[in-house]
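Raw target26.txt, compact mmCIF, C-alpha atoms:
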```txt
# COMPACT_ATOMS: atom_id res chain seq x y z
CA MET A 27 -33.27 17.19 -9.43
CA THR A 28 -35.01 13.93 -8.58
CA LEU A 29 -35.27 11.83 -5.44
CA TYR A 30 -32.38 9.74 -6.70
CA LEU A 31 -29.87 12.35 -5.51
CA TYR A 32 -31.40 12.42 -2.03
CA TYR A 33 -31.56 8.67 -1.58
CA LYS A 34 -28.13 8.03 -3.11
CA LEU A 35 -26.51 10.60 -0.84
CA LYS A 36 -28.46 9.37 2.17
CA GLY A 37 -27.37 5.82 1.46
CA LEU A 38 -23.71 6.77 1.20
CA LEU A 39 -23.80 8.80 4.41
CA THR A 40 -25.71 6.24 6.48
CA ASP A 41 -24.43 2.90 5.18
CA ARG A 42 -22.97 1.03 8.14
CA SER A 43 -20.08 -0.43 6.19
CA ILE A 44 -19.05 2.94 4.77
CA LEU A 45 -19.49 4.58 8.17
CA PHE A 46 -17.20 2.01 9.74
CA TRP A 47 -14.44 2.26 7.16
CA GLY A 48 -14.85 5.96 6.49
CA LEU A 49 -15.14 7.09 10.13
CA VAL A 50 -14.27 4.43 12.70
CA PHE A 51 -11.34 3.01 10.75
CA THR A 52 -10.08 6.52 10.01
CA LEU A 53 -10.54 7.62 13.63
CA PHE A 54 -8.35 4.73 14.77
CA TRP A 55 -5.50 5.90 12.55
CA VAL A 56 -6.04 9.53 13.54
CA LEU A 57 -5.63 8.59 17.20
CA MET A 58 -2.59 6.47 16.37
CA TRP A 59 -1.07 9.38 14.44
CA ILE A 60 -1.61 11.96 17.18
CA TYR A 61 -1.00 9.85 20.28
CA ALA A 62 1.46 7.18 19.12
CA PHE A 63 3.34 8.49 16.09
CA THR A 64 3.63 12.16 17.10
CA ARG A 65 6.55 12.47 19.50
CA ILE A 66 7.88 15.75 20.84
CA GLU A 67 10.88 15.08 23.03
CA GLY A 68 12.79 17.39 25.33
CA PRO A 69 11.75 20.92 26.24
CA LEU A 70 8.99 22.40 24.13
CA PRO A 71 10.04 24.98 21.52
CA PRO A 72 8.69 28.55 21.65
CA PRO A 73 4.89 28.73 21.30
CA GLU A 74 4.92 30.06 17.74
CA VAL A 75 7.36 27.35 16.61
CA PHE A 76 5.41 24.67 18.47
CA GLU A 77 2.16 25.76 16.82
CA GLU A 78 3.80 25.66 13.39
CA ILE A 79 5.07 22.14 14.04
CA LEU A 80 1.58 21.07 15.05
CA ARG A 81 0.11 22.77 11.98
CA VAL A 82 2.36 20.81 9.63
CA ASN A 83 1.76 17.59 11.54
CA THR A 84 -1.98 18.18 11.37
CA ALA A 85 -1.77 18.96 7.65
CA LEU A 86 0.04 15.69 6.95
CA ALA A 87 -2.50 13.74 8.98
CA LEU A 88 -5.62 15.26 7.46
CA SER A 89 -4.24 14.84 3.95
CA TYR A 90 -2.96 11.28 4.00
CA LEU A 91 -5.43 9.87 6.52
CA GLY A 92 -8.18 11.72 4.69
CA ALA A 93 -7.12 9.79 1.59
CA LEU A 94 -7.82 6.56 3.46
CA ALA A 95 -11.29 7.83 4.34
CA MET A 96 -11.97 8.88 0.76
CA GLY A 97 -10.68 5.58 -0.59
CA SER A 98 -13.01 3.70 1.75
CA VAL A 99 -16.00 5.70 0.52
CA ALA A 100 -14.96 5.12 -3.09
CA ILE A 101 -15.25 1.38 -2.48
CA GLY A 102 -18.88 2.00 -1.54
CA LEU A 103 -19.36 4.00 -4.72
CA ALA A 104 -18.09 1.09 -6.78
CA ALA A 105 -20.34 -1.35 -4.96
CA THR A 106 -23.47 0.77 -5.40
CA ALA A 107 -22.69 1.40 -9.07
CA PHE A 108 -22.80 -2.20 -10.20
CA ALA A 109 -25.41 -3.26 -7.63
CA SER A 110 -27.86 -0.73 -9.08
CA SER A 111 -26.99 -1.33 -12.73
CA SER A 112 -30.23 -3.12 -13.62
CA ALA A 113 -32.43 -0.98 -11.38
CA VAL A 114 -31.17 2.22 -12.98
CA ALA A 115 -32.00 0.90 -16.44
CA PHE A 116 -35.57 0.29 -15.25
CA ALA A 117 -35.84 3.66 -13.49
CA THR A 118 -34.64 5.68 -16.46
CA ARG A 119 -37.27 4.01 -18.61
CA PHE A 120 -40.32 4.26 -16.39
CA THR A 121 -39.66 7.27 -14.11
CA LYS A 122 -38.62 10.91 -14.44
CA LEU A 123 -35.00 9.91 -13.92
CA THR A 124 -33.37 10.31 -17.33
CA PRO A 125 -29.91 8.90 -18.14
CA THR A 126 -28.48 12.42 -18.07
CA LYS A 127 -30.06 13.21 -14.71
CA TYR A 128 -28.82 9.90 -13.38
CA LEU A 129 -25.22 10.64 -14.36
CA VAL A 130 -25.34 14.18 -12.98
CA GLU A 131 -27.01 13.26 -9.69
CA ASP A 132 -24.90 10.15 -9.18
CA PHE A 133 -21.79 12.26 -9.76
CA MET A 134 -22.95 14.95 -7.33
CA ALA A 135 -23.87 12.45 -4.62
CA GLY A 136 -20.59 10.58 -4.98
CA VAL A 137 -18.38 13.66 -4.83
CA VAL A 138 -20.31 15.20 -1.92
CA ALA A 139 -20.06 11.95 0.05
CA VAL A 140 -16.32 11.61 -0.53
CA VAL A 141 -15.68 15.23 0.49
CA ALA A 142 -17.97 14.90 3.52
CA TYR A 143 -16.01 11.96 4.90
CA ALA A 144 -12.73 13.76 4.18
CA LEU A 145 -13.95 16.82 6.09
CA ALA A 146 -14.95 14.53 8.95
CA CYS A 147 -11.35 13.32 8.99
CA VAL A 148 -10.16 16.94 9.12
CA ALA A 149 -12.40 17.57 12.12
CA MET A 150 -11.13 14.43 13.86
CA VAL A 151 -7.49 15.43 13.34
CA VAL A 152 -8.09 18.95 14.67
CA ALA A 153 -10.03 17.60 17.67
CA ALA A 154 -7.41 14.95 18.48
CA THR A 155 -4.61 17.52 18.26
CA TYR A 156 -6.46 19.81 20.64
CA ALA A 157 -7.23 16.94 23.01
CA ARG A 158 -3.55 16.07 23.35
CA PHE A 159 -1.75 19.40 23.03
CA GLY A 160 -4.44 21.93 23.96
CA VAL A 161 -3.89 23.88 20.74
CA ILE A 162 -6.53 24.40 18.06
CA VAL A 163 -4.76 24.08 14.73
CA LEU A 164 -6.87 24.96 11.71
CA PRO A 165 -5.83 24.73 8.04
CA GLU A 166 -3.95 27.75 6.73
CA SER A 167 -6.18 28.03 3.64
CA PRO A 168 -9.48 26.24 4.36
CA ALA A 169 -11.07 27.13 1.02
CA LEU A 170 -8.11 25.75 -0.89
CA VAL A 171 -8.15 22.57 1.18
CA VAL A 172 -11.84 22.04 0.38
CA ALA A 173 -11.18 22.72 -3.31
CA TYR A 174 -8.40 20.12 -3.42
CA LEU A 175 -10.58 17.64 -1.53
CA ALA A 176 -13.28 18.20 -4.14
CA LEU A 177 -10.78 17.38 -6.88
CA CYS A 178 -9.88 14.22 -4.97
CA GLY A 179 -13.57 13.37 -4.79
CA ILE A 180 -14.03 13.85 -8.53
CA LEU A 181 -11.00 11.69 -9.31
CA LEU A 182 -12.07 8.92 -6.95
CA TYR A 183 -15.64 9.02 -8.24
CA TRP A 184 -14.55 8.32 -11.79
CA LEU A 185 -12.09 5.69 -10.57
CA SER A 186 -14.87 3.90 -8.70
CA ARG A 187 -17.14 4.12 -11.76
CA ALA A 188 -14.42 2.71 -13.99
CA VAL A 189 -13.81 -0.12 -11.52
CA ALA A 190 -17.51 -0.97 -11.26
CA LEU A 191 -18.06 -0.94 -15.01
CA ALA A 192 -14.90 -2.97 -15.58
CA MET A 193 -16.26 -5.59 -13.20
CA LEU A 194 -19.51 -5.65 -15.16
CA ALA A 195 -17.61 -5.90 -18.44
CA LEU A 196 -15.60 -8.82 -17.07
CA GLY A 197 -18.73 -10.46 -15.73
CA LYS A 198 -17.17 -10.53 -12.27
CA PRO A 199 -19.50 -8.60 -9.93
CA ARG A 200 -18.05 -10.45 -6.94
CA LEU A 201 -14.38 -9.65 -7.52
CA PRO A 202 -13.48 -8.04 -4.17
CA LEU A 203 -9.85 -7.22 -4.94
CA LEU A 204 -10.79 -5.09 -7.93
CA GLN A 205 -13.49 -3.37 -5.89
CA MET A 206 -10.85 -2.47 -3.28
CA LEU A 207 -8.72 -0.63 -5.85
CA PRO A 208 -9.56 2.90 -4.56
CA LEU A 209 -8.40 1.99 -1.05
CA PHE A 210 -5.28 0.29 -2.41
CA LEU A 211 -4.53 3.52 -4.27
CA ALA A 212 -4.92 5.52 -1.04
CA LEU A 213 -2.55 3.14 0.77
CA LEU A 214 -0.05 3.41 -2.07
CA ASN A 215 -0.13 7.18 -1.79
CA TYR A 216 0.31 6.88 1.98
CA ALA A 217 3.73 5.37 1.29
CA THR A 218 4.86 8.64 -0.31
CA LEU A 219 5.10 10.08 3.20
CA TRP A 220 8.46 8.28 3.37
CA LEU A 221 9.23 7.73 -0.31
CA ASP A 222 10.17 10.64 -2.54
CA LEU A 223 9.27 9.71 -6.11
CA GLY A 224 10.59 12.91 -7.65
CA ASP A 225 9.04 13.69 -11.02
CA LYS A 226 7.48 10.21 -11.12
CA VAL A 227 4.89 11.39 -8.61
CA TYR A 228 2.97 13.12 -11.41
CA ALA A 229 2.23 9.71 -12.93
CA LEU A 230 0.54 8.53 -9.74
CA PRO A 231 -3.13 9.48 -9.36
CA LEU A 232 -4.02 11.34 -6.16
CA ALA A 233 -0.45 11.70 -4.82
CA PRO A 234 0.17 15.22 -6.22
CA LEU A 235 -3.17 16.40 -4.82
CA LEU A 236 -2.33 15.11 -1.35
CA SER A 237 0.89 17.12 -1.38
CA LEU A 238 -1.05 20.22 -2.43
CA ILE A 239 -3.47 19.63 0.45
CA VAL A 240 -0.54 19.52 2.88
CA SER A 241 0.73 22.79 1.44
CA ALA A 242 -2.68 24.48 1.60
CA ALA A 243 -3.28 23.32 5.16
CA SER A 244 0.17 24.19 6.52
CA GLY A 245 1.55 26.92 4.28
CA VAL A 246 4.78 25.03 3.52
CA GLU A 247 6.07 24.42 0.02
CA PRO A 248 4.65 21.21 -1.49
CA ALA A 249 7.02 18.27 -1.94
CA THR A 250 7.03 15.37 -4.37
CA GLY A 251 7.07 13.02 -1.39
CA GLY A 252 9.31 11.95 1.43
CA TRP A 253 7.74 14.30 3.96
CA LEU A 254 8.89 12.13 6.85
CA ALA A 255 12.16 10.95 5.29
CA GLU A 256 15.52 11.99 6.77
CA GLY A 257 13.97 14.55 9.11
CA TRP A 258 14.43 17.57 6.83
CA LEU A 259 10.94 18.85 7.58
CA TRP A 260 11.14 18.76 11.36
CA ARG A 261 14.71 20.12 11.52
CA SER A 262 13.67 23.20 9.58
CA LEU A 263 10.57 23.73 11.69
CA ALA A 264 12.53 23.33 14.93
CA ARG A 265 14.91 26.09 13.79
CA GLY A 266 11.96 28.31 12.96
CA VAL A 267 12.74 28.50 9.24
CA ALA A 268 10.51 27.66 6.30
CA PRO A 269 11.08 24.05 5.19
CA GLU A 270 12.53 23.60 1.72
CA PRO A 271 11.78 20.14 0.31
CA PRO A 272 14.55 18.26 -1.51
CA ASN A 273 12.23 18.09 -4.53
CA ALA A 274 9.52 20.72 -4.78
CA LEU A 275 6.18 19.86 -6.35
CA SER A 276 4.92 21.97 -9.24
CA ALA A 277 1.30 22.92 -8.57
CA PRO A 278 0.44 23.41 -12.28
CA LEU A 279 1.89 20.00 -13.16
CA ALA A 280 0.07 18.43 -10.22
CA LEU A 281 -3.25 19.88 -11.35
CA ALA A 282 -2.55 18.90 -14.96
CA SER A 283 -1.80 15.34 -13.86
CA THR A 284 -5.03 15.24 -11.86
CA ALA A 285 -7.02 16.58 -14.81
CA ALA A 286 -5.45 14.02 -17.15
CA TRP A 287 -6.25 11.10 -14.83
CA THR A 288 -9.79 12.36 -14.24
CA LEU A 289 -10.52 12.78 -17.94
CA ALA A 290 -9.01 9.39 -18.75
CA LEU A 291 -11.06 7.61 -16.08
CA ALA A 292 -14.21 9.47 -17.13
CA ALA A 293 -13.62 8.47 -20.75
CA VAL A 294 -13.12 4.83 -19.76
CA SER A 295 -16.26 4.91 -17.63
CA LEU A 296 -18.43 6.44 -20.32
CA THR A 297 -17.06 4.04 -22.93
CA LEU A 298 -17.72 1.00 -20.77
CA ALA A 299 -21.18 2.29 -19.86
CA ARG A 300 -22.20 1.92 -23.50
CA LYS A 301 -21.04 -1.67 -23.70
CA VAL A 302 -21.92 -3.37 -20.42
CA LYS A 303 -25.25 -4.74 -19.32
CA GLY A 304 -26.84 -4.60 -15.91
CA VAL A 305 -26.31 -7.42 -13.46
CA ALA A 306 -29.26 -9.07 -11.79
CA LEU A 307 -29.22 -9.13 -8.01
CA GLU A 308 -29.18 -12.93 -8.08
CA GLU A 309 -25.64 -12.81 -9.42
CA PHE A 310 -24.43 -11.25 -6.17
CA ALA A 311 -25.69 -14.14 -4.08
CA PRO A 312 -23.06 -16.60 -2.83
CA SER A 313 -22.66 -19.55 -5.15
```
Starting from the file, lay out its structure as structure tokens.
Amino acid sequence: MTLYLYYKLKGLLTDRSILFWGLVFTLFWVLMWIYAFTRIEGPLPPPEVFEEILRVNTALALSYLGALAMGSVAIGLAATAFASSSAVAFATRFTKLTPTKYLVEDFMAGVVAVVAYALACVAMVVAATYARFGVIVLPESPALVVAYLALCGILLYWLSRAVALAMLALGKPRLPLLQMLPLFLALLNYATLWLDLGDKVYALPLAPLLSLIVSAASGVEPATGGWLAEGWLWRSLARGVAPEPPNALSAPLALASTAAWTLALAAVSLTLARKVKGVALEEFAPS
């Protein structure tokens, strides 16, 4: 490994813009979720039922709010990709950083950064839940949650690369709307909390993974969406029975969809990388 991995990861974890959107912005929505959107009316249910309700609520928050954090970091990945396009060409020619090492280390740094911010969101959700309800609610299957977050990181990394290289191919390094695509995707997936897409959810990148994260963190059966629609989830939990979603998500199909999107975005990225040229820093200056 070269110093590129260290400095790239350090930059992603200390950049003020990414810190704001990945942590402060996410913390705001975590607090809104726990203190404003989470309402438990009337007498509290038995402790074991109450803890299960909090576990599911926490799982939904860490999954869908974590997606916002990951989408924010992916914007930073896109920005750094095209901002360093010319510098990387120079470095791979005159330093020990080879093109292969660059791709591997850039990939590792990007995925680690995305997962790190997602885990920070998990910690914030758990802490906020404890601060309000006095109950520490941890994910049911932490290892599985981390594995699914890693898959999210890989998918978002290749999406950010494809976005950055597409901007270079279009000659539009200052096209902010295209750069914001990863966050727009996260917001689109956030809508599936209320909207059940049925089998169409497999065509949407990231959405199936978020449902799997909810399942891994709470132990409930994954749904194709509509977690908060019509109250089916909370009614079942209040009765102390396992929730049965109107449309269950198939884990193999969800993983296959994720793999297909990841491979497609990686193929697009690698294809564009052979055709685009680096952009000089002067082109980023305001005109």
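Coordinates place atom CA of A:Leu236 at a distance of 11.2 Å from atom CA of A:Ala277.
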Exercise for the section: Select, from A:Arg261, A:Arg187, A:Ala268, A:Pro231, the residue with the minimum atom-to-atom distance to A:Pro248, counting only C-alpha atoms. Expected result: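 Of A:Arg261, A:Arg187, A:Ala268, A:Pro231, the one nearest A:Pro248, counting only C-alpha atoms, is A:Ala268.
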Practice task
Please identify all polymer residues within 12 Å of stretch 146-162 of chain A, counting all atoms listed in the file, omitting same-chain residues fewer than 5 positions from it, and present them as number ranges by chain.
Solution key: A: 39, 45, 47-62, 64-66, 70, 73-74, 76-96, 139-141, 168, 171-172, 175, 239-240, 243
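With all atoms listed in the file taken into account, the protein and nucleic acid residues at most 12 Å from A:Ala290 (excluding it and anything under 4 positions from it in its own chain) are Leu181, Trp184, Leu185, Arg187, Ala188, Pro231, Ser283, Thr284, Ala285, Ala286, Val294, Ser295, Leu296 and Thr297 of chain A.
Here atom CA of A:Asp222 stands at a distance of 14.6 Å from atom CA of A:Glu247.
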Problem - d(atom CA of A:Ala292, atom CA of A:Val130) in Å - result: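 Atom-to-atom, atom CA of A:Ala292 and atom CA of A:Val130 are spaced 12.8 Å apart.
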Problem - Residue nearest A:Ala173 - candidates A:Met134, A:Leu223, A:Ala264, A:Leu238, atoms counted: only C-alpha atoms - result: A:Leu238
Practice task
Could you check which of A:Ala282, A:Leu235, A:Ala142, A:Ala100 is closest to A:Phe210, using only C-alpha atoms?
Solution key: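 Of A:Ala282, A:Leu235, A:Ala142, A:Ala100, the one nearest A:Phe210 is A:Ala100, counting only C-alpha atoms.
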Exercise for the section: Write out as a list in words which residues come within 12 Å of A:Leu204 when counting all atoms listed in the file, dropping same-chain ones fewer than 6 positions away. Expected result: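 Close residues of A:Leu204: Ile101, Ala104, Ala105, Leu185, Ser186, Arg187, Ala188, Val189, Ala190, Leu191, Ala192, Met193, Leu194, Leu196, Lys198, Phe210 and Leu211 of chain A.
With only C-alpha atoms as the atoms that count, the residue of A:Val75, A:Ala293, A:Ala233, A:Leu35 with the shortest distance to A:Arg265 is A:Val75.
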Fill in the blank from the handout: Min atom-atom distance to A:Asp41 from the set A:Leu129, A:Leu214, A:Val99, A:Leu29, counting all atoms listed in the file, belongs to A:Val99
Exercise for the section: Point out the residue among A:Leu221, A:Ala299, A:Leu232, A:Leu213 with the least atom-to-atom distance to A:Pro272, counting all atoms listed in the file. Expected result: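 Looking at the shortest contact to A:Pro272, the residue is A:Leu221.
The neighbours of A:Asn273 here are the residues that come within 9 Å of it, using only C-alpha atoms and leaving out any residue fewer than 2 positions away in the same chain; they are A:Asp222, A:Gly224, A:Asp225, A:Pro248, A:Ala249, A:Thr250, A:Gly251, A:Glu270, A:Pro271, A:Leu275.
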